[in-house]
file query26.cif (mmCIF, C-alpha atoms)
data_input
loop_
_atom_site.group_PDB
_atom_site.id
_atom_site.type_symbol
_atom_site.label_atom_id
_atom_site.label_comp_id
_atom_site.auth_asym_id
_atom_site.auth_seq_id
_atom_site.Cartn_x
_atom_site.Cartn_y
_atom_site.Cartn_z
ATOM 1 C CA MET C 286 43.629 -57.328 -71.932
ATOM 2 C CA SER C 287 42.310 -54.073 -70.521
ATOM 3 C CA ILE C 288 41.491 -54.250 -66.840
ATOM 4 C CA LYS C 289 38.403 -52.128 -67.526
ATOM 5 C CA ASN C 290 36.762 -55.151 -69.141
ATOM 6 C CA ILE C 291 37.446 -57.570 -66.282
ATOM 7 C CA GLU C 292 34.642 -58.552 -63.912
ATOM 8 C CA PHE C 293 35.857 -58.936 -60.346
ATOM 9 C CA ASP C 294 35.092 -58.002 -56.779
ATOM 10 C CA TYR C 295 38.216 -57.925 -54.641
ATOM 11 C CA CYS C 296 41.916 -57.915 -55.215
ATOM 12 C CA LEU C 297 45.036 -57.948 -53.085
ATOM 13 C CA VAL C 298 47.098 -54.821 -53.378
ATOM 14 C CA SER C 299 50.461 -53.865 -51.923
ATOM 15 C CA MET C 300 50.303 -50.110 -51.481
ATOM 16 C CA SER C 301 49.942 -47.115 -49.207
ATOM 17 C CA CYS C 302 46.849 -44.935 -49.444
ATOM 18 C CA VAL C 303 46.473 -41.246 -48.784
ATOM 19 C CA TYR C 304 43.263 -41.710 -46.861
ATOM 20 C CA SER C 305 44.404 -44.448 -44.476
ATOM 21 C CA PRO C 306 46.357 -43.686 -41.300
ATOM 22 C CA VAL C 307 48.155 -47.019 -41.417
ATOM 23 C CA SER C 308 51.152 -48.256 -43.326
ATOM 24 C CA ILE C 309 49.628 -50.924 -45.515
ATOM 25 C CA GLY C 310 51.395 -53.963 -46.844
ATOM 26 C CA LEU C 311 49.016 -56.586 -48.197
ATOM 27 C CA CYS C 312 45.534 -55.111 -48.306
ATOM 28 C CA LEU C 313 42.053 -56.267 -49.202
ATOM 29 C CA CYS C 314 40.552 -53.662 -51.511
ATOM 30 C CA ARG C 315 37.601 -53.324 -53.790
ATOM 31 C CA VAL C 316 38.477 -51.893 -57.189
ATOM 32 C CA SER C 317 35.707 -50.124 -59.022
ATOM 33 C CA SER C 318 34.952 -47.514 -61.620
ATOM 34 C CA GLY C 319 33.553 -45.180 -58.971
ATOM 35 C CA ARG C 320 34.974 -42.001 -57.528
ATOM 36 C CA TYR C 321 38.690 -41.605 -57.033
ATOM 37 C CA LEU C 322 39.424 -42.535 -53.435
ATOM 38 C CA GLY C 323 43.129 -43.221 -53.260
ATOM 39 C CA GLU C 324 46.423 -43.316 -55.080
ATOM 40 C CA PHE C 325 49.391 -45.632 -55.324
ATOM 41 C CA CYS C 326 52.600 -44.892 -53.504
ATOM 42 C CA PRO C 327 55.532 -43.716 -55.671
ATOM 43 C CA ALA C 328 57.045 -47.205 -55.716
ATOM 44 C CA ALA C 329 53.803 -48.855 -56.815
ATOM 45 C CA ASP C 330 55.421 -50.365 -59.880
ATOM 46 C CA GLN C 331 57.384 -52.656 -57.564
ATOM 47 C CA HIS C 332 54.316 -54.099 -55.836
ATOM 48 C CA PRO C 333 52.019 -56.450 -57.767
ATOM 49 C CA ILE C 334 48.264 -56.283 -58.044
ATOM 50 C CA LEU C 335 46.792 -59.774 -57.589
ATOM 51 C CA LEU C 336 43.193 -60.318 -58.633
ATOM 52 C CA ASN C 337 41.285 -62.747 -56.456
ATOM 53 C CA ASN C 338 40.942 -65.390 -59.164
ATOM 54 C CA GLY C 339 44.722 -65.605 -59.402
ATOM 55 C CA ASP C 340 44.652 -65.374 -63.194
ATOM 56 C CA ILE C 341 46.016 -61.862 -63.625
ATOM 57 C CA VAL C 342 49.045 -60.176 -62.113
ATOM 58 C CA LEU C 343 49.698 -56.531 -62.914
ATOM 59 C CA SER C 344 52.073 -53.996 -61.470
ATOM 60 C CA GLY C 345 50.734 -50.856 -59.871
ATOM 61 C CA LEU C 346 51.744 -48.768 -62.849
ATOM 62 C CA ASP C 347 50.124 -51.233 -65.267
ATOM 63 C CA LEU C 348 46.875 -50.839 -63.362
ATOM 64 C CA ALA C 349 47.285 -47.070 -63.263
ATOM 65 C CA ALA C 350 47.847 -47.024 -67.032
ATOM 66 C CA SER C 351 44.755 -49.133 -67.600
ATOM 67 C CA LEU C 352 42.490 -46.980 -65.468
ATOM 68 C CA GLY C 353 44.098 -43.630 -66.165
ATOM 69 C CA ASP C 354 46.378 -41.527 -64.010
ATOM 70 C CA ARG C 355 44.217 -41.925 -60.907
ATOM 71 C CA PRO C 356 43.176 -45.533 -60.254
ATOM 72 C CA ARG C 357 39.923 -45.879 -58.336
ATOM 73 C CA ILE C 358 40.217 -47.864 -55.137
ATOM 74 C CA THR C 359 38.018 -48.062 -52.065
ATOM 75 C CA ILE C 360 39.176 -48.194 -48.472
ATOM 76 C CA PRO C 361 41.594 -51.034 -47.660
ATOM 77 C CA THR C 362 41.510 -53.614 -44.921
ATOM 78 C CA PRO C 363 45.070 -54.215 -43.662
ATOM 79 C CA LEU C 364 45.912 -57.914 -43.515
ATOM 80 C CA HIS C 365 49.643 -57.819 -42.940
ATOM 81 C CA ARG C 366 51.977 -55.134 -41.743
ATOM 82 C CA ASN C 367 54.698 -54.030 -44.136
ATOM 83 C CA ASP C 368 57.490 -52.217 -42.344
ATOM 84 C CA ASN C 369 59.285 -51.478 -45.627
ATOM 85 C CA PHE C 370 57.024 -48.497 -46.205
ATOM 86 C CA PRO C 371 56.928 -45.496 -43.883
ATOM 87 C CA MET C 372 53.591 -44.284 -42.610
ATOM 88 C CA ARG C 373 52.206 -41.589 -44.851
ATOM 89 C CA SER C 374 50.737 -38.437 -43.392
ATOM 90 C CA ILE C 375 46.990 -38.121 -43.503
ATOM 91 C CA ARG C 376 44.657 -35.205 -43.130
ATOM 92 C CA PRO C 377 40.903 -35.345 -42.504
ATOM 93 C CA ASP C 378 40.383 -33.767 -45.937
ATOM 94 C CA ASP C 379 41.983 -36.855 -47.521
ATOM 95 C CA ILE C 380 39.361 -39.199 -46.084
ATOM 96 C CA GLU C 381 36.417 -40.372 -48.196
ATOM 97 C CA LEU C 382 34.093 -40.959 -45.247
ATOM 98 C CA ALA C 383 31.361 -42.951 -47.011
ATOM 99 C CA ALA C 384 33.809 -45.704 -48.010
ATOM 100 C CA PHE C 385 34.448 -46.497 -44.327
ATOM 101 C CA ILE C 386 30.803 -46.926 -43.313
ATOM 102 C CA ASP C 387 28.945 -50.154 -42.581
ATOM 103 C CA HIS C 388 25.370 -48.848 -42.845
ATOM 104 C CA SER C 389 23.860 -50.656 -39.864
ATOM 105 C CA LEU C 390 20.212 -51.557 -39.342
ATOM 106 C CA LEU C 391 20.225 -53.422 -36.034
ATOM 107 C CA ASN C 392 17.017 -52.109 -34.521
ATOM 108 C CA PRO C 393 14.765 -55.008 -33.432
ATOM 109 C CA THR C 394 11.755 -53.180 -34.912
ATOM 110 C CA ALA C 395 13.306 -53.017 -38.406
ATOM 111 C CA THR C 396 10.948 -53.960 -41.238
ATOM 112 C CA GLU C 397 11.370 -54.933 -44.889
ATOM 113 C CA GLU C 398 10.687 -51.299 -45.777
ATOM 114 C CA HIS C 399 13.601 -50.215 -43.597
ATOM 115 C CA VAL C 400 15.879 -52.785 -45.225
ATOM 116 C CA SER C 401 14.960 -51.474 -48.690
ATOM 117 C CA ARG C 402 15.766 -47.936 -47.601
ATOM 118 C CA TRP C 403 19.099 -48.925 -46.031
ATOM 119 C CA CYS C 404 20.160 -50.823 -49.142
ATOM 120 C CA ASP C 405 19.216 -47.912 -51.385
ATOM 121 C CA GLU C 406 21.201 -45.508 -49.211
ATOM 122 C CA ALA C 407 24.199 -47.831 -49.104
ATOM 123 C CA GLU C 408 24.372 -47.884 -52.892
ATOM 124 C CA ARG C 409 23.580 -44.194 -53.335
ATOM 125 C CA PHE C 410 26.138 -42.926 -50.811
ATOM 126 C CA GLY C 411 28.831 -45.473 -51.644
ATOM 127 C CA PHE C 412 28.975 -47.160 -48.237
ATOM 128 C CA ALA C 413 31.195 -50.192 -47.712
ATOM 129 C CA SER C 414 28.286 -52.402 -46.672
ATOM 130 C CA VAL C 415 24.905 -52.740 -45.088
ATOM 131 C CA CYS C 416 24.697 -54.659 -41.827
ATOM 132 C CA VAL C 417 21.319 -56.228 -41.049
ATOM 133 C CA PHE C 418 19.894 -58.920 -38.796
ATOM 134 C CA PRO C 419 20.076 -62.483 -40.187
ATOM 135 C CA VAL C 420 16.347 -62.499 -40.937
ATOM 136 C CA HIS C 421 16.893 -59.692 -43.474
ATOM 137 C CA VAL C 422 20.018 -61.035 -45.221
ATOM 138 C CA ARG C 423 18.224 -62.654 -48.150
ATOM 139 C CA GLN C 424 16.293 -59.452 -48.922
ATOM 140 C CA ALA C 425 19.436 -57.317 -48.701
ATOM 141 C CA ALA C 426 21.344 -59.735 -50.924
ATOM 142 C CA GLU C 427 18.622 -59.582 -53.562
ATOM 143 C CA LEU C 428 18.430 -55.779 -53.460
ATOM 144 C CA LEU C 429 22.197 -55.347 -53.699
ATOM 145 C CA HIS C 430 22.915 -58.141 -56.161
ATOM 146 C CA ASN C 431 25.815 -57.125 -58.421
ATOM 147 C CA LYS C 432 26.040 -53.779 -56.620
ATOM 148 C CA ARG C 433 28.971 -52.345 -54.719
ATOM 149 C CA PRO C 434 28.000 -52.556 -51.010
ATOM 150 C CA ALA C 435 28.792 -55.795 -49.190
ATOM 151 C CA ILE C 436 26.090 -57.696 -47.277
ATOM 152 C CA GLY C 437 26.874 -57.907 -43.580
ATOM 153 C CA THR C 438 25.011 -59.546 -40.737
ATOM 154 C CA VAL C 439 25.504 -60.322 -37.050
ATOM 155 C CA ILE C 440 26.093 -63.686 -35.379
ATOM 156 C CA GLY C 441 25.394 -64.412 -31.696
ATOM 157 C CA PHE C 442 24.252 -60.817 -31.366
ATOM 158 C CA PRO C 443 24.287 -58.943 -29.049
ATOM 159 C CA THR C 444 25.404 -61.092 -26.092
ATOM 160 C CA GLY C 445 27.566 -63.806 -27.661
ATOM 161 C CA ALA C 446 26.144 -66.225 -25.103
ATOM 162 C CA THR C 447 24.585 -68.737 -27.498
ATOM 163 C CA THR C 448 26.303 -72.078 -28.036
ATOM 164 C CA SER C 449 29.022 -72.564 -30.633
ATOM 165 C CA ALA C 450 26.729 -74.869 -32.599
ATOM 166 C CA VAL C 451 24.035 -72.204 -32.791
ATOM 167 C CA LYS C 452 26.534 -69.543 -33.888
ATOM 168 C CA LEU C 453 27.908 -71.844 -36.573
ATOM 169 C CA PHE C 454 24.411 -72.613 -37.827
ATOM 170 C CA GLU C 455 23.643 -68.891 -37.942
ATOM 171 C CA ALA C 456 26.841 -68.240 -39.867
ATOM 172 C CA ARG C 457 26.207 -71.049 -42.365
ATOM 173 C CA GLU C 458 22.621 -69.966 -42.953
ATOM 174 C CA ALA C 459 23.659 -66.336 -43.416
ATOM 175 C CA THR C 460 26.272 -67.437 -45.946
ATOM 176 C CA GLU C 461 23.688 -69.476 -47.869
ATOM 177 C CA ASN C 462 21.318 -66.496 -47.852
ATOM 178 C CA GLY C 463 23.901 -64.205 -49.432
ATOM 179 C CA ALA C 464 25.896 -62.601 -46.612
ATOM 180 C CA THR C 465 29.467 -61.663 -47.484
ATOM 181 C CA GLU C 466 30.564 -60.337 -44.071
ATOM 182 C CA LEU C 467 29.867 -61.664 -40.562
ATOM 183 C CA ASP C 468 30.079 -59.632 -37.343
ATOM 184 C CA VAL C 469 30.469 -62.319 -34.667
ATOM 185 C CA MET C 470 29.972 -61.550 -30.988
ATOM 186 C CA LEU C 471 32.491 -63.200 -28.672
ATOM 187 C CA ASN C 472 31.527 -65.274 -25.667
ATOM 188 C CA LEU C 473 32.720 -62.845 -23.012
ATOM 189 C CA GLY C 474 32.107 -65.306 -20.184
ATOM 190 C CA TRP C 475 34.689 -67.617 -21.741
ATOM 191 C CA LEU C 476 37.086 -64.715 -22.168
ATOM 192 C CA LYS C 477 36.778 -63.583 -18.570
ATOM 193 C CA THR C 478 37.266 -67.086 -17.154
ATOM 194 C CA GLY C 479 40.281 -67.937 -19.299
ATOM 195 C CA ARG C 480 38.565 -70.409 -21.636
ATOM 196 C CA THR C 481 40.505 -69.065 -24.587
ATOM 197 C CA GLU C 482 40.875 -72.414 -26.368
ATOM 198 C CA GLU C 483 37.100 -72.717 -26.663
ATOM 199 C CA LEU C 484 36.865 -69.085 -27.748
ATOM 200 C CA HIS C 485 39.507 -69.672 -30.427
ATOM 201 C CA ARG C 486 37.831 -72.864 -31.645
ATOM 202 C CA GLU C 487 34.440 -71.168 -31.995
ATOM 203 C CA ILE C 488 35.734 -68.237 -34.046
ATOM 204 C CA ALA C 489 38.148 -70.315 -36.127
ATOM 205 C CA GLN C 490 35.396 -72.730 -37.128
ATOM 206 C CA ILE C 491 33.191 -69.899 -38.369
ATOM 207 C CA CYS C 492 36.076 -68.384 -40.319
ATOM 208 C CA GLU C 493 37.082 -71.698 -41.879
ATOM 209 C CA GLU C 494 33.643 -73.093 -42.699
ATOM 210 C CA THR C 495 32.125 -69.938 -44.175
ATOM 211 C CA GLY C 496 35.205 -68.483 -45.861
ATOM 212 C CA LEU C 497 33.718 -65.016 -45.380
ATOM 213 C CA LEU C 498 35.187 -61.805 -43.999
ATOM 214 C CA VAL C 499 34.682 -62.118 -40.221
ATOM 215 C CA LYS C 500 34.675 -59.258 -37.733
ATOM 216 C CA ALA C 501 35.006 -60.315 -34.100
ATOM 217 C CA ILE C 502 33.036 -58.074 -31.731
ATOM 218 C CA LEU C 503 34.969 -57.507 -28.498
ATOM 219 C CA GLU C 504 32.536 -55.267 -26.566
ATOM 220 C CA THR C 505 35.439 -53.194 -25.295
ATOM 221 C CA ALA C 506 33.336 -51.269 -22.753
ATOM 222 C CA LEU C 507 32.994 -54.490 -20.740
ATOM 223 C CA LEU C 508 36.647 -55.544 -20.879
ATOM 224 C CA THR C 509 39.832 -54.681 -19.002
ATOM 225 C CA PRO C 510 42.882 -53.635 -21.035
ATOM 226 C CA GLU C 511 44.414 -57.086 -20.550
ATOM 227 C CA GLU C 512 41.198 -58.800 -21.660
ATOM 228 C CA LYS C 513 41.170 -56.643 -24.796
ATOM 229 C CA ARG C 514 44.700 -57.791 -25.601
ATOM 230 C CA ILE C 515 43.880 -61.441 -25.012
ATOM 231 C CA ALA C 516 40.691 -61.223 -27.096
ATOM 232 C CA ALA C 517 42.531 -59.504 -29.938
ATOM 233 C CA ASP C 518 45.318 -62.090 -29.983
ATOM 234 C CA VAL C 519 42.905 -65.036 -29.879
ATOM 235 C CA CYS C 520 40.736 -63.637 -32.658
ATOM 236 C CA MET C 521 43.638 -62.756 -34.930
ATOM 237 C CA ASP C 522 45.057 -66.235 -34.494
ATOM 238 C CA ALA C 523 41.611 -67.696 -35.275
ATOM 239 C CA GLY C 524 41.594 -65.954 -38.652
ATOM 240 C CA VAL C 525 39.350 -62.905 -38.349
ATOM 241 C CA THR C 526 39.733 -60.017 -40.787
ATOM 242 C CA PHE C 527 38.548 -57.286 -38.402
ATOM 243 C CA LEU C 528 38.314 -56.553 -34.708
ATOM 244 C CA LYS C 529 35.138 -54.634 -33.904
ATOM 245 C CA THR C 530 34.927 -52.523 -30.784
ATOM 246 C CA SER C 531 31.277 -52.814 -29.805
ATOM 247 C CA THR C 532 27.729 -53.927 -30.480
ATOM 248 C CA GLY C 533 26.540 -50.472 -29.464
ATOM 249 C CA TRP C 534 24.279 -52.008 -26.815
ATOM 250 C CA TYR C 535 26.728 -51.651 -23.908
ATOM 251 C CA GLY C 536 28.648 -48.531 -24.873
ATOM 252 C CA GLY C 537 30.237 -47.277 -28.042
ATOM 253 C CA ALA C 538 33.573 -46.874 -29.749
ATOM 254 C CA THR C 539 36.215 -44.603 -28.289
ATOM 255 C CA VAL C 540 39.353 -43.138 -29.821
ATOM 256 C CA GLU C 541 41.348 -44.668 -26.969
ATOM 257 C CA ASP C 542 40.125 -48.187 -27.708
ATOM 258 C CA VAL C 543 40.796 -47.811 -31.427
ATOM 259 C CA ARG C 544 44.332 -46.629 -30.716
ATOM 260 C CA MET C 545 44.879 -49.542 -28.357
ATOM 261 C CA LEU C 546 43.626 -52.077 -30.920
ATOM 262 C CA LYS C 547 45.837 -50.529 -33.573
ATOM 263 C CA GLU C 548 48.819 -50.895 -31.256
ATOM 264 C CA ILE C 549 47.924 -54.521 -30.461
ATOM 265 C CA THR C 550 47.255 -55.603 -34.031
ATOM 266 C CA HIS C 551 50.192 -53.892 -35.759
ATOM 267 C CA ASP C 552 47.885 -53.455 -38.786
ATOM 268 C CA ARG C 553 47.499 -57.216 -39.262
ATOM 269 C CA VAL C 554 43.697 -56.878 -39.313
ATOM 270 C CA GLY C 555 41.219 -54.067 -39.795
ATOM 271 C CA ILE C 556 39.562 -52.222 -36.935
ATOM 272 C CA LYS C 557 35.836 -51.515 -36.971
ATOM 273 C CA ALA C 558 34.710 -48.765 -34.604
ATOM 274 C CA SER C 559 31.035 -49.153 -33.827
ATOM 275 C CA GLY C 560 28.431 -47.677 -31.519
ATOM 276 C CA GLY C 561 27.595 -44.101 -30.601
ATOM 277 C CA ILE C 562 29.074 -42.422 -33.706
ATOM 278 C CA ARG C 563 26.876 -39.347 -34.038
ATOM 279 C CA THR C 564 28.973 -36.684 -35.762
ATOM 280 C CA ALA C 565 31.282 -36.474 -38.745
ATOM 281 C CA GLU C 566 33.988 -35.047 -36.485
ATOM 282 C CA GLN C 567 33.769 -38.075 -34.209
ATOM 283 C CA ALA C 568 33.891 -40.403 -37.227
ATOM 284 C CA LEU C 569 37.003 -38.697 -38.584
ATOM 285 C CA ASP C 570 38.692 -38.828 -35.175
ATOM 286 C CA LEU C 571 38.124 -42.608 -35.063
ATOM 287 C CA ILE C 572 39.544 -43.024 -38.562
ATOM 288 C CA MET C 573 42.559 -40.906 -37.711
ATOM 289 C CA ALA C 574 43.090 -43.128 -34.644
ATOM 290 C CA GLY C 575 43.194 -46.238 -36.848
ATOM 291 C CA ALA C 576 39.645 -47.372 -37.639
ATOM 292 C CA THR C 577 39.233 -48.843 -41.122
ATOM 293 C CA ARG C 578 35.463 -49.360 -40.853
ATOM 294 C CA LEU C 579 32.739 -47.508 -38.966
ATOM 295 C CA GLY C 580 29.529 -49.193 -37.848
ATOM 296 C CA THR C 581 26.667 -46.708 -37.642
ATOM 297 C CA SER C 582 23.018 -46.243 -38.516
ATOM 298 C CA ARG C 583 23.661 -42.546 -39.136
ATOM 299 C CA GLY C 584 25.759 -42.868 -42.280
ATOM 300 C CA PRO C 585 23.788 -40.464 -44.491
ATOM 301 C CA ASP C 586 23.770 -37.808 -41.761
ATOM 302 C CA LEU C 587 27.526 -38.163 -41.241
ATOM 303 C CA VAL C 588 28.228 -37.776 -44.956
ATOM 304 C CA ARG C 589 25.991 -34.700 -45.160
ATOM 305 C CA GLN C 590 27.726 -33.191 -42.130
ATOM 306 C CA ARG C 591 31.084 -33.889 -43.722
ATOM 307 C CA ASP C 592 29.994 -32.275 -46.991
ATOM 308 C CA THR C 593 28.803 -29.210 -45.068
ATOM 309 C CA ILE C 594 32.148 -28.956 -43.260
ATOM 310 C CA SER C 595 34.055 -29.323 -46.541
ATOM 311 C CA SER C 596 31.899 -26.672 -48.222
ATOM 312 C CA SER C 597 32.451 -24.245 -45.358
ATOM 313 C CA GLY C 598 36.190 -24.805 -45.542
ATOM 314 C CA THR C 599 36.168 -24.122 -49.288
ATOM 315 C CA ASP C 600 34.124 -20.959 -48.833
ATOM 316 C CA ASN C 601 36.637 -19.680 -46.320
#
call {"tool": "encode", "arguments": {"input": "query26.cif", "output": "structure tokens"}}
result
Amino acid sequence: MSIKNIEFDYCLVSMSCVYSPVSIGLCLCRVSSGRYLGEFCPAADQHPILLNNGDIVLSGLDLAASLGDRPRITIPTPLHRNDNFPMRSIRPDDIELAAFIDHSLLNPTATEEHVSRWCDEAERFGFASVCVFPVHVRQAAELLHNKRPAIGTVIGFPTGATTSAVKLFEAREATENGATELDVMLNLGWLKTGRTEELHREIAQICEETGLLVKAILETALLTPEEKRIAADVCMDAGVTFLKTSTGWYGGATVEDVRMLKEITHDRVGIKASGGIRTAEQALDLIMAGATRLGTSRGPDLVRQRDTISSSGTDN
């Protein structure tokens, strides 16, 4: 059976990618017929490709043969560290910026017209997802049905100070309305007073009951280094797929925080840098530091800036 004729969304891949600064073991990737975004490591034939339905197992070279010499793979989300593979060098020119971007529309004045525009841009630019308020999830899911971008929304946003029952209801409703990714704000009061068991229970229940990709928002600008470590450990143990730096309401992502989270996580989960990302250079610096997603409302501008930089470099 040719893999070109198989309908699927995600697969698990053991590989290293030229555009990721991390050494990747087991990764969550989207495979598509879009632009070439990555390549298998030389030993790819030793590491199986597992489609999410569990029905098909192919080696890296089998997949490469099916798709041609350059298999098309979007940006990975590290799930487990694999120390058997050395970290590959990465240059900014290797990075396909659009594939990292969660195209965020978290302005309280957002309208249905804005949601339509954001969804159109997410598909047109090849962004990883759109991220909208829960009230807009159903519309986004309808507009992006059977299209590449994921549907993200926020839970307990932006303070995290709602009850666990309310957050769980929000998460369930968002799932029913078509969300595929949840950005969940932590209860920082619990974190700061040592109520880590309750924090763990709240996040774990959302992860388990929805079965969706969950990004825990730490709000790093409000935390001490030790609190960041505790929050990261609790959330990883609870089953999140990403740690997200910020809501953007109390300060934005910094290279230092991304580096710290990368050190804490050992590539076991992805890192989403969010808030205050205004330039392509800043976006690339965050990726080089270890970010595997970028939350921003300026995605189209960043891609255009990047294209301008690339064109200037070619002209020179």
call {"tool": "atom_distance", "arguments": {"input": "query26.cif", "atom1": "CA of Val554 (chain C)", "atom2": "CA of Leu428 (chain C)"}}
result
29.0 Å
call {"tool": "closest_residue", "arguments": {"input": "query26.cif", "among": "C:Ile502, C:Ala558, C:Ala459, C:Cys416", "to": "Thr444 (chain C)", "atoms": "only C-alpha atoms"}}
result
C:Ile502
call {"tool": "atom_distance", "arguments": {"input": "query26.cif", "atom1": "CA of Gly441 (chain C)", "atom2": "CA of Arg514 (chain C)"}}
result
21.3 Å
call {"tool": "atom_distance", "arguments": {"input": "query26.cif", "atom1": "CA of Lys547 (chain C)", "atom2": "CA of Asp518 (chain C)"}}
result
12.1 Å
call {"tool": "closest_residue", "arguments": {"input": "query26.cif", "among": "C:Thr530, C:Asn462, C:Asn392, C:Thr495", "to": "Asp542 (chain C)", "atoms": "all atoms listed in the file"}}
result
C:Thr530
call {"tool": "residues_around", "arguments": {"input": "query26.cif", "residues": "Leu391 (chain C)", "least_positions_apart": "2", "cutoff": "10 Å", "atoms": "all atoms listed in the file", "output": "count of residues only"}}
result
17
call {"tool": "residues_around", "arguments": {"input": "query26.cif", "residues": "Val519 (chain C)", "least_positions_apart": "4", "cutoff": "9 Å", "atoms": "all atoms listed in the file", "output": "PDB file with C-alpha atoms, keeping the file's coordinate frame"}}
result
ATOM      1  CA  THR C 481      40.505 -69.065 -24.587  1.00  0.00           C
ATOM      2  CA  GLU C 482      40.875 -72.414 -26.368  1.00  0.00           C
ATOM      3  CA  LEU C 484      36.865 -69.085 -27.748  1.00  0.00           C
ATOM      4  CA  HIS C 485      39.507 -69.672 -30.427  1.00  0.00           C
ATOM      5  CA  ILE C 488      35.734 -68.237 -34.046  1.00  0.00           C
ATOM      6  CA  ARG C 514      44.700 -57.791 -25.601  1.00  0.00           C
ATOM      7  CA  ILE C 515      43.880 -61.441 -25.012  1.00  0.00           C
ATOM      8  CA  ALA C 523      41.611 -67.696 -35.275  1.00  0.00           C
ATOM      9  CA  GLY C 524      41.594 -65.954 -38.652  1.00  0.00           C
TER      10      GLY C 524
END
call {"tool": "closest_residue", "arguments": {"input": "query26.cif", "among": "C:Ser559, C:His551, C:Arg589, C:Ala435", "to": "Leu498 (chain C)", "atoms": "all atoms listed in the file"}}
result
C:Ala435
call {"tool": "decode", "arguments": {"input": "query26.cif", "residues": "region 498-514 of chain C", "atoms": "N, CA and C atoms", "output": "PDB file, in the first residue's frame"}}
result
ATOM      1  N   LEU C 498      -4.127  17.182  23.172  1.00  0.00           N
ATOM      2  CA  LEU C 498      -2.810  17.759  23.416  1.00  0.00           C
ATOM      3  C   LEU C 498      -3.004  18.938  24.366  1.00  0.00           C
ATOM      4  N   VAL C 499      -2.369  18.886  25.527  1.00  0.00           N
ATOM      5  CA  VAL C 499      -2.530  19.924  26.556  1.00  0.00           C
ATOM      6  C   VAL C 499      -1.224  20.671  26.754  1.00  0.00           C
ATOM      7  N   LYS C 500      -1.337  22.002  26.746  1.00  0.00           N
ATOM      8  CA  LYS C 500      -0.192  22.871  27.025  1.00  0.00           C
ATOM      9  C   LYS C 500      -0.465  23.586  28.342  1.00  0.00           C
ATOM     10  N   ALA C 501       0.374  23.371  29.327  1.00  0.00           N
ATOM     11  CA  ALA C 501       0.216  24.014  30.624  1.00  0.00           C
ATOM     12  C   ALA C 501       0.898  25.378  30.595  1.00  0.00           C
ATOM     13  N   ILE C 502       0.135  26.414  30.922  1.00  0.00           N
ATOM     14  CA  ILE C 502       0.672  27.784  30.927  1.00  0.00           C
ATOM     15  C   ILE C 502       1.233  28.092  32.311  1.00  0.00           C
ATOM     16  N   LEU C 503       2.529  28.404  32.368  1.00  0.00           N
ATOM     17  CA  LEU C 503       3.203  28.618  33.650  1.00  0.00           C
ATOM     18  C   LEU C 503       3.167  30.071  34.112  1.00  0.00           C
ATOM     19  N   GLU C 504       3.078  31.005  33.212  1.00  0.00           N
ATOM     20  CA  GLU C 504       3.212  32.445  33.502  1.00  0.00           C
ATOM     21  C   GLU C 504       4.545  32.706  34.194  1.00  0.00           C
ATOM     22  N   THR C 505       5.612  32.449  33.452  1.00  0.00           N
ATOM     23  CA  THR C 505       6.964  32.465  34.011  1.00  0.00           C
ATOM     24  C   THR C 505       7.375  33.822  34.590  1.00  0.00           C
ATOM     25  N   ALA C 506       6.801  34.906  34.092  1.00  0.00           N
ATOM     26  CA  ALA C 506       7.163  36.233  34.599  1.00  0.00           C
ATOM     27  C   ALA C 506       6.768  36.408  36.063  1.00  0.00           C
ATOM     28  N   LEU C 507       5.835  35.593  36.544  1.00  0.00           N
ATOM     29  CA  LEU C 507       5.354  35.714  37.916  1.00  0.00           C
ATOM     30  C   LEU C 507       5.958  34.675  38.857  1.00  0.00           C
ATOM     31  N   LEU C 508       6.879  33.852  38.339  1.00  0.00           N
ATOM     32  CA  LEU C 508       7.402  32.747  39.130  1.00  0.00           C
ATOM     33  C   LEU C 508       8.892  32.904  39.415  1.00  0.00           C
ATOM     34  N   THR C 509       9.317  32.336  40.537  1.00  0.00           N
ATOM     35  CA  THR C 509      10.748  32.232  40.848  1.00  0.00           C
ATOM     36  C   THR C 509      11.319  31.047  40.066  1.00  0.00           C
ATOM     37  N   PRO C 510      12.636  30.977  39.932  1.00  0.00           N
ATOM     38  CA  PRO C 510      13.225  29.812  39.256  1.00  0.00           C
ATOM     39  C   PRO C 510      12.793  28.486  39.869  1.00  0.00           C
ATOM     40  N   GLU C 511      12.739  28.409  41.195  1.00  0.00           N
ATOM     41  CA  GLU C 511      12.331  27.165  41.843  1.00  0.00           C
ATOM     42  C   GLU C 511      10.867  26.841  41.545  1.00  0.00           C
ATOM     43  N   GLU C 512      10.018  27.853  41.534  1.00  0.00           N
ATOM     44  CA  GLU C 512       8.604  27.631  41.204  1.00  0.00           C
ATOM     45  C   GLU C 512       8.440  27.152  39.766  1.00  0.00           C
ATOM     46  N   LYS C 513       9.266  27.654  38.869  1.00  0.00           N
ATOM     47  CA  LYS C 513       9.220  27.183  37.476  1.00  0.00           C
ATOM     48  C   LYS C 513       9.559  25.709  37.403  1.00  0.00           C
ATOM     49  N   ARG C 514      10.571  25.296  38.166  1.00  0.00           N
ATOM     50  CA  ARG C 514      10.966  23.883  38.175  1.00  0.00           C
ATOM     51  C   ARG C 514       9.865  23.002  38.756  1.00  0.00           C
TER      52      ARG C 514
END
